[in-house]
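Pasted below: work02.cif, mmCIF, C-alpha atoms and all ligand atoms.
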data_upload
#
loop_
_atom_site.group_PDB
_atom_site.id
_atom_site.type_symbol
_atom_site.label_atom_id
_atom_site.label_comp_id
_atom_site.auth_asym_id
_atom_site.auth_seq_id
_atom_site.Cartn_x
_atom_site.Cartn_y
_atom_site.Cartn_z
ATOM 1 C CA MET A 18 -17.065 0.446 25.451
ATOM 2 C CA ASN A 19 -17.587 2.916 22.596
ATOM 3 C CA SER A 20 -19.946 1.666 19.841
ATOM 4 C CA ARG A 21 -18.128 3.470 17.016
ATOM 5 C CA PRO A 22 -16.249 1.067 14.699
ATOM 6 C CA VAL A 23 -12.518 0.820 15.384
ATOM 7 C CA VAL A 24 -10.136 1.124 12.434
ATOM 8 C CA LEU A 25 -6.391 0.495 12.406
ATOM 9 C CA VAL A 26 -4.374 2.238 9.671
ATOM 10 C CA THR A 27 -0.705 1.380 9.140
ATOM 11 C CA GLY A 28 1.837 3.904 7.841
ATOM 12 C CA ALA A 29 -0.514 6.745 8.752
ATOM 13 C CA ASN A 30 1.944 9.583 9.306
ATOM 14 C CA SER A 31 2.022 10.646 5.658
ATOM 15 C CA GLY A 32 0.444 10.360 2.212
ATOM 16 C CA ILE A 33 -2.419 7.923 1.683
ATOM 17 C CA GLY A 34 -2.371 6.573 5.252
ATOM 18 C CA LEU A 35 -2.594 10.021 6.816
ATOM 19 C CA ALA A 36 -5.343 11.205 4.465
ATOM 20 C CA CYS A 37 -7.373 8.015 5.055
ATOM 21 C CA ALA A 38 -6.899 8.127 8.836
ATOM 22 C CA GLU A 39 -8.074 11.742 9.005
ATOM 23 C CA ALA A 40 -11.082 11.228 6.680
ATOM 24 C CA ILE A 41 -12.192 8.053 8.463
ATOM 25 C CA ALA A 42 -11.942 9.768 11.854
ATOM 26 C CA ARG A 43 -14.010 12.696 10.472
ATOM 27 C CA LYS A 44 -16.718 10.121 9.628
ATOM 28 C CA GLY A 45 -16.829 9.255 13.322
ATOM 29 C CA TYR A 46 -14.887 5.968 13.310
ATOM 30 C CA ARG A 47 -12.305 5.549 16.076
ATOM 31 C CA VAL A 48 -9.017 5.468 14.190
ATOM 32 C CA TYR A 49 -5.714 4.083 15.429
ATOM 33 C CA ALA A 50 -3.255 5.831 13.159
ATOM 34 C CA THR A 51 0.116 4.158 13.361
ATOM 35 C CA TYR A 52 3.534 5.654 12.673
ATOM 36 C CA ARG A 53 7.010 4.185 13.043
ATOM 37 C CA ASN A 54 9.019 7.353 13.593
ATOM 38 C CA PRO A 55 7.918 9.542 16.537
ATOM 39 C CA ARG A 56 9.638 12.551 14.951
ATOM 40 C CA LYS A 57 7.212 12.315 11.995
ATOM 41 C CA ALA A 58 4.033 11.934 14.073
ATOM 42 C CA GLY A 59 3.476 15.637 14.936
ATOM 43 C CA HIS A 60 0.559 16.102 12.552
ATOM 44 C CA LEU A 61 -1.197 12.992 13.861
ATOM 45 C CA TRP A 62 -0.939 14.261 17.446
ATOM 46 C CA ARG A 63 -2.377 17.616 16.364
ATOM 47 C CA LEU A 64 -5.333 15.863 14.668
ATOM 48 C CA SER A 65 -5.864 13.732 17.779
ATOM 49 C CA ARG A 66 -6.855 16.877 19.725
ATOM 50 C CA SER A 67 -10.008 17.382 17.664
ATOM 51 C CA LEU A 68 -10.843 13.958 16.184
ATOM 52 C CA PRO A 69 -11.354 10.371 17.430
ATOM 53 C CA LEU A 70 -7.871 9.603 16.100
ATOM 54 C CA PHE A 71 -5.277 7.929 18.300
ATOM 55 C CA PRO A 72 -1.634 7.909 17.153
ATOM 56 C CA LEU A 73 0.185 4.697 17.946
ATOM 57 C CA LEU A 74 3.739 3.507 17.370
ATOM 58 C CA MET A 75 4.053 0.534 14.998
ATOM 59 C CA ASP A 76 6.866 -0.634 12.737
ATOM 60 C CA VAL A 77 5.289 -3.298 10.519
ATOM 61 C CA ASN A 78 8.723 -4.893 10.056
ATOM 62 C CA ARG A 79 8.947 -5.794 13.748
ATOM 63 C CA THR A 80 6.680 -8.437 15.298
ATOM 64 C CA PRO A 81 6.964 -7.128 18.913
ATOM 65 C CA SER A 82 6.063 -3.625 17.723
ATOM 66 C CA VAL A 83 3.008 -4.932 15.841
ATOM 67 C CA GLN A 84 1.879 -7.108 18.762
ATOM 68 C CA LYS A 85 2.312 -4.289 21.271
ATOM 69 C CA ALA A 86 0.270 -1.832 19.186
ATOM 70 C CA VAL A 87 -2.545 -4.332 18.535
ATOM 71 C CA SER A 88 -2.735 -5.327 22.197
ATOM 72 C CA GLN A 89 -2.940 -1.637 23.189
ATOM 73 C CA ILE A 90 -5.925 -1.201 20.852
ATOM 74 C CA LEU A 91 -7.646 -4.336 22.125
ATOM 75 C CA LYS A 92 -7.053 -3.423 25.765
ATOM 76 C CA LYS A 93 -8.786 -0.091 25.211
ATOM 77 C CA GLU A 94 -11.466 -0.981 22.649
ATOM 78 C CA LYS A 95 -11.961 -4.754 23.062
ATOM 79 C CA ARG A 96 -12.389 -4.953 19.265
ATOM 80 C CA VAL A 97 -10.947 -4.005 15.918
ATOM 81 C CA ASP A 98 -13.434 -3.637 13.073
ATOM 82 C CA ALA A 99 -11.183 -2.787 10.155
ATOM 83 C CA LEU A 100 -7.520 -2.889 9.236
ATOM 84 C CA ILE A 101 -6.075 -0.777 6.431
ATOM 85 C CA ASN A 102 -2.755 -2.283 5.384
ATOM 86 C CA ASN A 103 -1.181 0.806 3.869
ATOM 87 C CA ALA A 104 2.463 0.928 5.068
ATOM 88 C CA GLY A 105 4.793 0.419 2.152
ATOM 89 C CA PHE A 106 7.533 1.907 0.046
ATOM 90 C CA VAL A 107 9.051 1.651 -3.417
ATOM 91 C CA MET A 108 12.413 0.002 -4.047
ATOM 92 C CA ALA A 109 13.399 1.294 -7.474
ATOM 93 C CA GLY A 110 15.924 -0.356 -9.736
ATOM 94 C CA PHE A 111 16.377 -2.850 -12.528
ATOM 95 C CA TRP A 112 16.573 -6.428 -11.214
ATOM 96 C CA GLU A 113 20.287 -6.831 -11.929
ATOM 97 C CA ASP A 114 21.005 -3.633 -9.983
ATOM 98 C CA LEU A 115 19.120 -4.903 -6.915
ATOM 99 C CA SER A 116 20.856 -6.933 -4.220
ATOM 100 C CA ASP A 117 19.165 -9.753 -2.305
ATOM 101 C CA LYS A 118 18.981 -7.352 0.635
ATOM 102 C CA ASP A 119 17.167 -4.745 -1.465
ATOM 103 C CA VAL A 120 14.590 -7.314 -2.530
ATOM 104 C CA ARG A 121 14.238 -8.737 0.998
ATOM 105 C CA ASP A 122 13.739 -5.234 2.440
ATOM 106 C CA GLN A 123 11.032 -4.564 -0.120
ATOM 107 C CA PHE A 124 9.201 -7.805 0.729
ATOM 108 C CA GLU A 125 9.754 -7.331 4.471
ATOM 109 C CA THR A 126 7.585 -4.215 4.547
ATOM 110 C CA ASN A 127 5.157 -4.550 1.639
ATOM 111 C CA VAL A 128 4.396 -8.258 2.046
ATOM 112 C CA PHE A 129 5.555 -9.626 5.421
ATOM 113 C CA GLY A 130 4.549 -6.389 7.165
ATOM 114 C CA LEU A 131 1.038 -6.668 5.740
ATOM 115 C CA LEU A 132 0.837 -10.345 6.775
ATOM 116 C CA ARG A 133 2.239 -9.608 10.245
ATOM 117 C CA VAL A 134 -0.421 -6.987 11.031
ATOM 118 C CA SER A 135 -3.200 -9.085 9.462
ATOM 119 C CA ARG A 136 -2.222 -12.133 11.542
ATOM 120 C CA ALA A 137 -2.158 -9.975 14.673
ATOM 121 C CA VAL A 138 -5.772 -8.812 14.235
ATOM 122 C CA LEU A 139 -7.353 -11.901 12.635
ATOM 123 C CA PRO A 140 -7.786 -13.968 15.849
ATOM 124 C CA PHE A 141 -9.808 -11.115 17.364
ATOM 125 C CA MET A 142 -11.840 -10.522 14.213
ATOM 126 C CA ARG A 143 -12.634 -14.256 14.168
ATOM 127 C CA LYS A 144 -13.695 -14.118 17.802
ATOM 128 C CA GLN A 145 -15.969 -11.126 17.202
ATOM 129 C CA GLY A 146 -17.328 -12.770 14.014
ATOM 130 C CA SER A 147 -16.707 -9.733 11.812
ATOM 131 C CA GLY A 148 -13.996 -7.507 10.425
ATOM 132 C CA LYS A 149 -12.635 -5.914 7.286
ATOM 133 C CA ILE A 150 -9.140 -5.901 5.853
ATOM 134 C CA LEU A 151 -8.326 -3.387 3.120
ATOM 135 C CA ASN A 152 -4.970 -3.962 1.462
ATOM 136 C CA ILE A 153 -3.447 -1.047 -0.411
ATOM 137 C CA GLY A 154 -2.112 -2.715 -3.549
ATOM 138 C CA SER A 155 -1.217 -0.915 -6.752
ATOM 139 C CA VAL A 156 -1.715 -0.950 -10.503
ATOM 140 C CA ALA A 157 1.825 -2.363 -10.359
ATOM 141 C CA GLY A 158 0.190 -5.431 -8.756
ATOM 142 C CA PHE A 159 -1.296 -6.519 -12.076
ATOM 143 C CA ALA A 160 0.963 -4.740 -14.602
ATOM 144 C CA ALA A 161 4.718 -4.848 -13.872
ATOM 145 C CA LEU A 162 7.024 -2.184 -15.232
ATOM 146 C CA PRO A 163 10.762 -2.381 -15.965
ATOM 147 C CA GLY A 164 12.697 -0.581 -13.206
ATOM 148 C CA LEU A 165 9.947 -1.365 -10.694
ATOM 149 C CA GLY A 166 10.217 -5.157 -10.713
ATOM 150 C CA ALA A 167 10.731 -5.647 -6.966
ATOM 151 C CA TYR A 168 7.925 -3.253 -6.050
ATOM 152 C CA SER A 169 5.631 -4.901 -8.622
ATOM 153 C CA ALA A 170 6.521 -8.342 -7.246
ATOM 154 C CA THR A 171 5.402 -7.274 -3.767
ATOM 155 C CA LYS A 172 2.156 -5.813 -5.098
ATOM 156 C CA PHE A 173 1.508 -8.951 -7.209
ATOM 157 C CA ALA A 174 1.981 -10.827 -3.916
ATOM 158 C CA VAL A 175 -0.552 -8.523 -2.213
ATOM 159 C CA ASN A 176 -2.941 -9.325 -5.070
ATOM 160 C CA SER A 177 -2.719 -13.083 -4.514
ATOM 161 C CA ILE A 178 -2.670 -12.773 -0.710
ATOM 162 C CA THR A 179 -5.932 -10.830 -0.980
ATOM 163 C CA GLU A 180 -7.463 -13.343 -3.387
ATOM 164 C CA ALA A 181 -6.820 -16.308 -1.079
ATOM 165 C CA LEU A 182 -7.351 -14.545 2.260
ATOM 166 C CA ARG A 183 -10.814 -13.360 1.176
ATOM 167 C CA MET A 184 -11.971 -16.945 0.816
ATOM 168 C CA GLU A 185 -10.141 -18.187 3.912
ATOM 169 C CA THR A 186 -11.704 -15.685 6.310
ATOM 170 C CA ARG A 187 -15.293 -15.565 5.017
ATOM 171 C CA PRO A 188 -16.463 -18.384 7.329
ATOM 172 C CA TRP A 189 -15.867 -15.966 10.225
ATOM 173 C CA GLY A 190 -17.639 -13.030 8.583
ATOM 174 C CA ILE A 191 -14.345 -11.311 7.776
ATOM 175 C CA ASP A 192 -14.232 -9.454 4.463
ATOM 176 C CA VAL A 193 -10.969 -8.712 2.618
ATOM 177 C CA THR A 194 -10.354 -6.457 -0.352
ATOM 178 C CA GLU A 195 -7.636 -4.709 -2.253
ATOM 179 C CA ILE A 196 -7.396 -1.154 -3.545
ATOM 180 C CA ASN A 197 -5.261 -0.753 -6.665
ATOM 181 C CA PRO A 198 -4.363 2.882 -7.220
ATOM 182 C CA GLY A 199 -2.179 4.188 -10.013
ATOM 183 C CA GLU A 200 -0.236 7.414 -9.374
ATOM 184 C CA ILE A 201 -1.526 9.397 -6.384
ATOM 185 C CA GLN A 202 -0.067 12.708 -5.210
ATOM 186 C CA THR A 203 2.032 11.761 -2.172
ATOM 187 C CA SER A 204 5.749 11.718 -1.381
ATOM 188 C CA VAL A 205 6.052 8.070 -2.467
ATOM 189 C CA VAL A 206 8.610 8.922 -5.186
ATOM 190 C CA GLN A 207 10.696 11.128 -2.893
ATOM 191 C CA ASN A 208 10.563 8.367 -0.241
ATOM 192 C CA ALA A 209 11.528 5.640 -2.747
ATOM 193 C CA ARG A 210 14.736 3.740 -2.066
ATOM 194 C CA LEU A 211 17.226 2.961 -4.788
ATOM 195 C CA GLY A 212 18.727 -0.482 -5.173
ATOM 196 C CA GLU A 213 22.358 -0.890 -4.112
ATOM 197 C CA ARG A 214 23.877 -0.737 -7.586
ATOM 198 C CA VAL A 215 21.434 1.656 -9.283
ATOM 199 C CA LYS A 216 23.720 4.687 -9.112
ATOM 200 C CA SER A 217 26.918 2.726 -9.742
ATOM 201 C CA PRO A 218 28.821 4.029 -12.784
ATOM 202 C CA GLN A 219 29.282 0.333 -13.700
ATOM 203 C CA SER A 220 25.545 -0.264 -14.041
ATOM 204 C CA PRO A 221 24.698 -1.232 -17.620
ATOM 205 C CA TYR A 222 21.169 0.058 -16.988
ATOM 206 C CA THR A 223 22.088 3.719 -16.327
ATOM 207 C CA PRO A 224 20.476 5.099 -19.536
ATOM 208 C CA PHE A 225 17.295 3.076 -18.875
ATOM 209 C CA THR A 226 17.257 4.258 -15.253
ATOM 210 C CA LYS A 227 17.408 7.879 -16.458
ATOM 211 C CA TYR A 228 14.611 7.174 -18.956
ATOM 212 C CA PHE A 229 12.542 5.577 -16.210
ATOM 213 C CA GLU A 230 13.124 8.537 -13.843
ATOM 214 C CA ASN A 231 11.796 10.940 -16.492
ATOM 215 C CA PHE A 232 8.899 8.612 -17.295
ATOM 216 C CA SER A 233 7.791 8.404 -13.657
ATOM 217 C CA LYS A 234 8.301 12.166 -13.167
ATOM 218 C CA GLU A 235 5.930 12.814 -16.072
ATOM 219 C CA ARG A 236 3.400 10.245 -14.806
ATOM 220 C CA PHE A 237 3.418 11.750 -11.303
ATOM 221 C CA GLU A 238 2.862 15.249 -12.689
ATOM 222 C CA LYS A 239 -0.571 13.915 -13.704
ATOM 223 C CA ALA A 240 -1.138 11.987 -10.458
ATOM 224 C CA ALA A 241 -4.590 12.102 -8.887
ATOM 225 C CA PRO A 242 -5.172 13.952 -5.615
ATOM 226 C CA VAL A 243 -5.170 11.707 -2.569
ATOM 227 C CA GLU A 244 -8.836 12.615 -1.886
ATOM 228 C CA LYS A 245 -9.824 10.489 -4.880
ATOM 229 C CA LEU A 246 -8.370 7.405 -3.220
ATOM 230 C CA VAL A 247 -9.779 8.370 0.175
ATOM 231 C CA GLY A 248 -13.291 8.372 -1.359
ATOM 232 C CA VAL A 249 -12.746 4.808 -2.578
ATOM 233 C CA VAL A 250 -11.505 3.664 0.848
ATOM 234 C CA LEU A 251 -14.522 5.243 2.569
ATOM 235 C CA LYS A 252 -16.834 3.486 0.117
ATOM 236 C CA ALA A 253 -15.127 0.125 0.659
ATOM 237 C CA LEU A 254 -15.438 0.562 4.435
ATOM 238 C CA GLU A 255 -19.183 0.968 4.041
ATOM 239 C CA ASP A 256 -19.794 -1.672 1.335
ATOM 240 C CA ARG A 257 -21.282 -4.956 2.545
ATOM 241 C CA PRO A 258 -19.793 -7.116 1.144
ATOM 242 C CA MET A 259 -16.737 -5.365 -0.257
ATOM 243 C CA LYS A 260 -15.779 -5.910 -3.889
ATOM 244 C CA ARG A 261 -12.808 -8.166 -4.699
ATOM 245 C CA ARG A 262 -10.907 -5.104 -5.895
ATOM 246 C CA TYR A 263 -11.373 -1.342 -6.046
ATOM 247 C CA LEU A 264 -9.786 0.717 -8.798
ATOM 248 C CA VAL A 265 -9.375 4.450 -8.398
ATOM 249 C CA LYS A 266 -8.946 6.459 -11.618
ATOM 250 C CA LEU A 267 -10.161 6.060 -15.171
ATOM 251 C CA ASP A 268 -6.683 5.177 -16.457
ATOM 252 C CA ASP A 269 -6.342 2.521 -13.718
ATOM 253 C CA TYR A 270 -9.514 0.891 -15.109
ATOM 254 C CA PHE A 271 -8.032 1.215 -18.604
ATOM 255 C CA THR A 272 -4.763 -0.495 -17.564
ATOM 256 C CA TYR A 273 -6.605 -3.210 -15.644
ATOM 257 C CA TYR A 274 -8.990 -4.184 -18.447
ATOM 258 C CA LEU A 275 -6.378 -3.834 -21.181
ATOM 259 C CA ARG A 276 -3.960 -6.103 -19.290
ATOM 260 C CA TRP A 277 -6.767 -8.599 -18.800
ATOM 261 C CA LEU A 278 -8.004 -8.476 -22.405
ATOM 262 C CA LEU A 279 -4.790 -8.343 -24.418
ATOM 263 C CA PRO A 280 -2.666 -11.399 -25.140
ATOM 264 C CA ASP A 281 0.816 -11.099 -23.575
ATOM 265 C CA ALA A 282 2.474 -10.464 -26.946
ATOM 266 C CA LEU A 283 0.217 -7.494 -27.692
ATOM 267 C CA TRP A 284 0.610 -6.085 -24.183
ATOM 268 C CA GLU A 285 4.428 -6.291 -24.481
ATOM 269 C CA TRP A 286 4.281 -4.681 -27.908
ATOM 270 C CA GLY A 287 2.427 -1.739 -26.326
ATOM 271 C CA LEU A 288 5.001 -1.470 -23.533
ATOM 272 C CA GLY A 289 7.720 -1.582 -26.208
ATOM 273 C CA ILE A 290 6.300 1.679 -27.549
ATOM 274 C CA MET A 291 6.408 3.217 -24.072
ATOM 275 C CA PHE A 292 9.903 1.838 -23.351
ATOM 276 C CA PRO A 293 11.577 1.563 -26.797
ATOM 277 C CA TRP A 294 14.832 0.261 -25.281
ATOM 278 C CA SER A 295 12.988 -2.779 -23.863
ATOM 279 C CA ARG A 296 12.829 -4.460 -27.313
ATOM 280 C CA PHE A 297 15.340 -6.879 -28.857
ATOM 281 C CA PRO A 298 17.991 -5.056 -30.910
ATOM 282 C CA ARG A 299 17.304 -5.269 -34.654
HETATM 283 N N1 LIG A 301 1.266 7.236 -4.104
HETATM 284 C C1 LIG A 301 1.056 6.391 -5.087
HETATM 285 O O1 LIG A 301 1.081 6.761 -6.280
HETATM 286 C C2 LIG A 301 0.735 4.951 -4.794
HETATM 287 C C3 LIG A 301 0.198 4.173 -5.843
HETATM 288 C C4 LIG A 301 -0.105 2.834 -5.585
HETATM 289 C C5 LIG A 301 0.091 2.301 -4.331
HETATM 290 N N2 LIG A 301 0.618 3.074 -3.326
HETATM 291 C C6 LIG A 301 0.808 2.440 -2.021
HETATM 292 O O2 LIG A 301 0.196 3.245 -1.031
HETATM 293 C C7 LIG A 301 0.842 3.022 0.231
HETATM 294 C C8 LIG A 301 1.171 4.365 0.869
HETATM 295 O O3 LIG A 301 2.073 5.073 0.048
HETATM 296 P P1 LIG A 301 2.080 6.667 -0.071
HETATM 297 O O4 LIG A 301 1.927 6.996 -1.491
HETATM 298 O O5 LIG A 301 1.177 7.257 0.927
HETATM 299 O O6 LIG A 301 3.612 6.965 0.276
HETATM 300 P P2 LIG A 301 4.295 7.621 1.579
HETATM 301 O O7 LIG A 301 3.784 8.997 1.797
HETATM 302 O O8 LIG A 301 5.749 7.405 1.385
HETATM 303 O O9 LIG A 301 3.733 6.738 2.774
HETATM 304 C C9 LIG A 301 4.228 5.477 3.107
HETATM 305 C C10 LIG A 301 3.940 5.251 4.572
HETATM 306 O O10 LIG A 301 4.348 3.924 4.913
HETATM 307 C C11 LIG A 301 5.124 4.012 6.096
HETATM 308 N N3 LIG A 301 6.047 2.899 6.251
HETATM 309 C C12 LIG A 301 7.032 2.481 5.419
HETATM 310 N N4 LIG A 301 7.684 1.448 5.962
HETATM 311 C C13 LIG A 301 7.078 1.198 7.159
HETATM 312 C C14 LIG A 301 7.282 0.264 8.201
HETATM 313 N N5 LIG A 301 8.268 -0.647 8.152
HETATM 314 N N6 LIG A 301 6.470 0.299 9.287
HETATM 315 C C15 LIG A 301 5.482 1.210 9.377
HETATM 316 N N7 LIG A 301 5.250 2.146 8.447
HETATM 317 C C16 LIG A 301 6.045 2.125 7.353
HETATM 318 C C17 LIG A 301 5.871 5.328 5.968
HETATM 319 O O11 LIG A 301 6.407 5.719 7.222
HETATM 320 P P3 LIG A 301 7.743 6.674 7.284
HETATM 321 O O12 LIG A 301 7.246 8.057 7.005
HETATM 322 O O13 LIG A 301 8.238 6.463 8.662
HETATM 323 O O14 LIG A 301 8.667 6.163 6.233
HETATM 324 C C18 LIG A 301 4.732 6.202 5.477
HETATM 325 O O15 LIG A 301 3.916 6.606 6.535
HETATM 326 C C19 LIG A 301 2.063 2.152 -0.081
HETATM 327 O O16 LIG A 301 1.757 0.810 0.224
HETATM 328 C C20 LIG A 301 2.252 2.325 -1.579
HETATM 329 O O17 LIG A 301 2.879 1.216 -2.161
HETATM 330 C C21 LIG A 301 0.934 4.382 -3.540
#
Could you express the structure from this file as C-alpha cells?
Amino acid sequence: MNSRPVVLVTGANSGIGLACAEAIARKGYRVYATYRNPRKAGHLWRLSRSLPLFPLLMDVNRTPSVQKAVSQILKKEKRVDALINNAGFVMAGFWEDLSDKDVRDQFETNVFGLLRVSRAVLPFMRKQGSGKILNIGSVAGFAALPGLGAYSATKFAVNSITEALRMETRPWGIDVTEINPGEIQTSVVQNARLGERVKSPQSPYTPFTKYFENFSKERFEKAAPVEKLVGVVLKALEDRPMKRRYLVKLDDYFTYYLRWLLPDALWEWGLGIMFPWSRFPR
C-alpha cells in the first residue's frame, strides 16, 4: 500500500475540478480524478502519464457509477483520505421560467450527487477513523440572486449539509468543510443550462433575463483565476482541523460579511440598486 494520501475529486475533467486534481497530484497526493464523459477525459489521461493522477469514470447522478468508482479506488488503495465534491452546474432562469424537471436536474447533481458520493466514502472513512470532505459551494450559497434561484437553492443546501455533516462525522475523526467561491475563470457560464421556458417569446422575464446575462458577463470578465481557488483548496487539505468555511477573494469576504451584518431590508435595498427592475413599481 502507498502511504501518500488518497484524494477523490468529482467533475475533474474541466475547470475547478481539473485544476485542483492537477495541483493536488503535483503535491504528491494520489488523486482519483473523475469524469463522466470519456470523450472529455483526454487531458486527464495525458496528466496521468507524469503525475500520481488516476482518471476514473463517475457520473454523480448515478448510484451504480458512484459505487463502482469508489470500490475501484478502495480495491487499489484500501483507503480514501479526502473527497472534493466539485461536480456541479448552473441552471439559469427565473423561477417561473423553470420547470419541475429543471429544478430536479439541478438538485440531482449539485445536492444529491454530492450526498451520493459522500455516502459512498463515509463508511470507509469511519472505519479508518479519519477523512476530509471538501464541498465546493458558492457565494450563491449565502446570497441568492434573481435569475439564479435554483442554483442558489442547491448551494444553500450544500451550506446546510456541510453545517450538519461536520458535526455528525466528527466522532469518527472526519472533518468537513465548504469552499464558497465567487466568480472563477472556468467554462461554468458556457456550460450553464437554461430553464425550459427561458428563451420562450412568451416569457414575461425576457428583459430581466437579458439584463442578467449582461450582468453576469460583466462579473465574469473580472473573475479570479482558478489558481486562487486551488490555493485555498490546498490549504484546506492541510489544515487540521479545517475551518467551517473558506472564502476565496476579497469581494467574496465583502459579500459574506455584508449579508451577515445587514438587516434583510437593507440588503434588498442594495440589490435593488444592482437590479433596478426587482423593486415594486412606483
Ligand atoms: N466557476 C465559478 O465561478 C464557480 C463559482 C462558485 C462555485 N462554482 C462551483 O464549482 C464547481 C465546478 O464548476 P466549474 O466552474 O469548474 O465549472 P465547469 O468547468 O463547468 O465544471 C463542472 C464539472 O462538473 C462536472 N459535472 C457536471 N455534472 C456532473 C455529473 N452528473 N457527474 C459528474 N460530473 C459532473 C462537469 O463534467 P462535464 O464536463 O461532463 O459536464 C465538469 O467537469 C461547481 O460545483 C460550481 O457550482 C463555480
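Remark: for Lys118 in chain A, the closest of the candidate residues A:Arg214, A:Leu139, A:Phe232, A:Leu100 is A:Arg214 (distances computed over all atoms listed in the file).
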Exercise for review: Give me the result of the PyMOL selection byres (((chain A and resi 243) around 12) and not hetatm) on this file, residue by residue, as a ChimeraX atom specification.
Suggested key: /A:31-37,39-40,198-205,240-242,244-250,265-266
Evaluate the PyMOL selection byres (((chain A and resi 210) around 12) and not hetatm) on the structure here and hand back the selected residues as a compact mmCIF listing (two decimals) with C-alpha atoms, in the coordinates of the input.
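File produced: result00.txt:
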# COMPACT_ATOMS: atom_id res chain seq x y z
CA GLY A 105 4.79 0.42 2.15
CA PHE A 106 7.53 1.91 0.05
CA VAL A 107 9.05 1.65 -3.42
CA MET A 108 12.41 0.00 -4.05
CA ALA A 109 13.40 1.29 -7.47
CA GLY A 110 15.92 -0.36 -9.74
CA LEU A 115 19.12 -4.90 -6.92
CA ASP A 119 17.17 -4.74 -1.46
CA VAL A 120 14.59 -7.31 -2.53
CA ASP A 122 13.74 -5.23 2.44
CA GLN A 123 11.03 -4.56 -0.12
CA LEU A 165 9.95 -1.36 -10.69
CA ALA A 167 10.73 -5.65 -6.97
CA TYR A 168 7.92 -3.25 -6.05
CA VAL A 205 6.05 8.07 -2.47
CA VAL A 206 8.61 8.92 -5.19
CA GLN A 207 10.70 11.13 -2.89
CA ASN A 208 10.56 8.37 -0.24
CA ALA A 209 11.53 5.64 -2.75
CA LEU A 211 17.23 2.96 -4.79
CA GLY A 212 18.73 -0.48 -5.17
CA GLU A 213 22.36 -0.89 -4.11
CA ARG A 214 23.88 -0.74 -7.59
CA VAL A 215 21.43 1.66 -9.28
CA LYS A 216 23.72 4.69 -9.11
Exercise for review: Give as a ChimeraX atom specification the residues that the PyMOL selection byres (((chain A and resi 258) around 12) and not hetatm) matches when applied to the coordinates above.
Suggested key: /A:147-150,183,187,190-194,252-257,259-262
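Near (-4.1, -10.9, 9.5), the residues inside the 10 Å limit, counting only C-alpha atoms, come to Leu100, Asn102, Leu131, Leu132, Arg133, Val134, Ser135, Arg136, Ala137, Val138, Leu139, Pro140, Phe141, Met142, Ile150, Leu182, Thr186 and Val193 of chain A.
When all atoms listed in the file are used to compute distances to ligand LIG 301 (chain A), the closest of the residues A:Ser65, A:Ser177, A:Ser20, A:Thr126 turns out to be A:Thr126.
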With a distance cut-off of 6 Å and all atoms listed in the file, select the neighbouring residues of range 49-61 of chain A, excluding the residue or stretch itself and same-chain residues fewer than 6 positions from it, and output the selection as a CSV table (one decimal) with C-alpha atoms, keeping the file's coordinate frame.
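The file below, around_38.csv, is the result:
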chain,number,residue,atom,x,y,z
A,25,LEU,CA,-6.4,0.5,12.4
A,26,VAL,CA,-4.4,2.2,9.7
A,27,THR,CA,-0.7,1.4,9.1
A,28,GLY,CA,1.8,3.9,7.8
A,29,ALA,CA,-0.5,6.7,8.8
A,30,ASN,CA,1.9,9.6,9.3
A,70,LEU,CA,-7.9,9.6,16.1
A,71,PHE,CA,-5.3,7.9,18.3
A,72,PRO,CA,-1.6,7.9,17.2
A,73,LEU,CA,0.2,4.7,17.9
A,74,LEU,CA,3.7,3.5,17.4
A,75,MET,CA,4.1,0.5,15.0
A,76,ASP,CA,6.9,-0.6,12.7
Review point. So how far away is CA of Phe111 in chain A from CA of Ser220 in chain A, in Å?
Key: 9.6 Å
Exercise for review: Can you work out the spacing between atom N3 of ligand LIG 301 (chain A) and CA of Leu151 in chain A in Å, to one decimal?
Suggested key: 16.0 Å
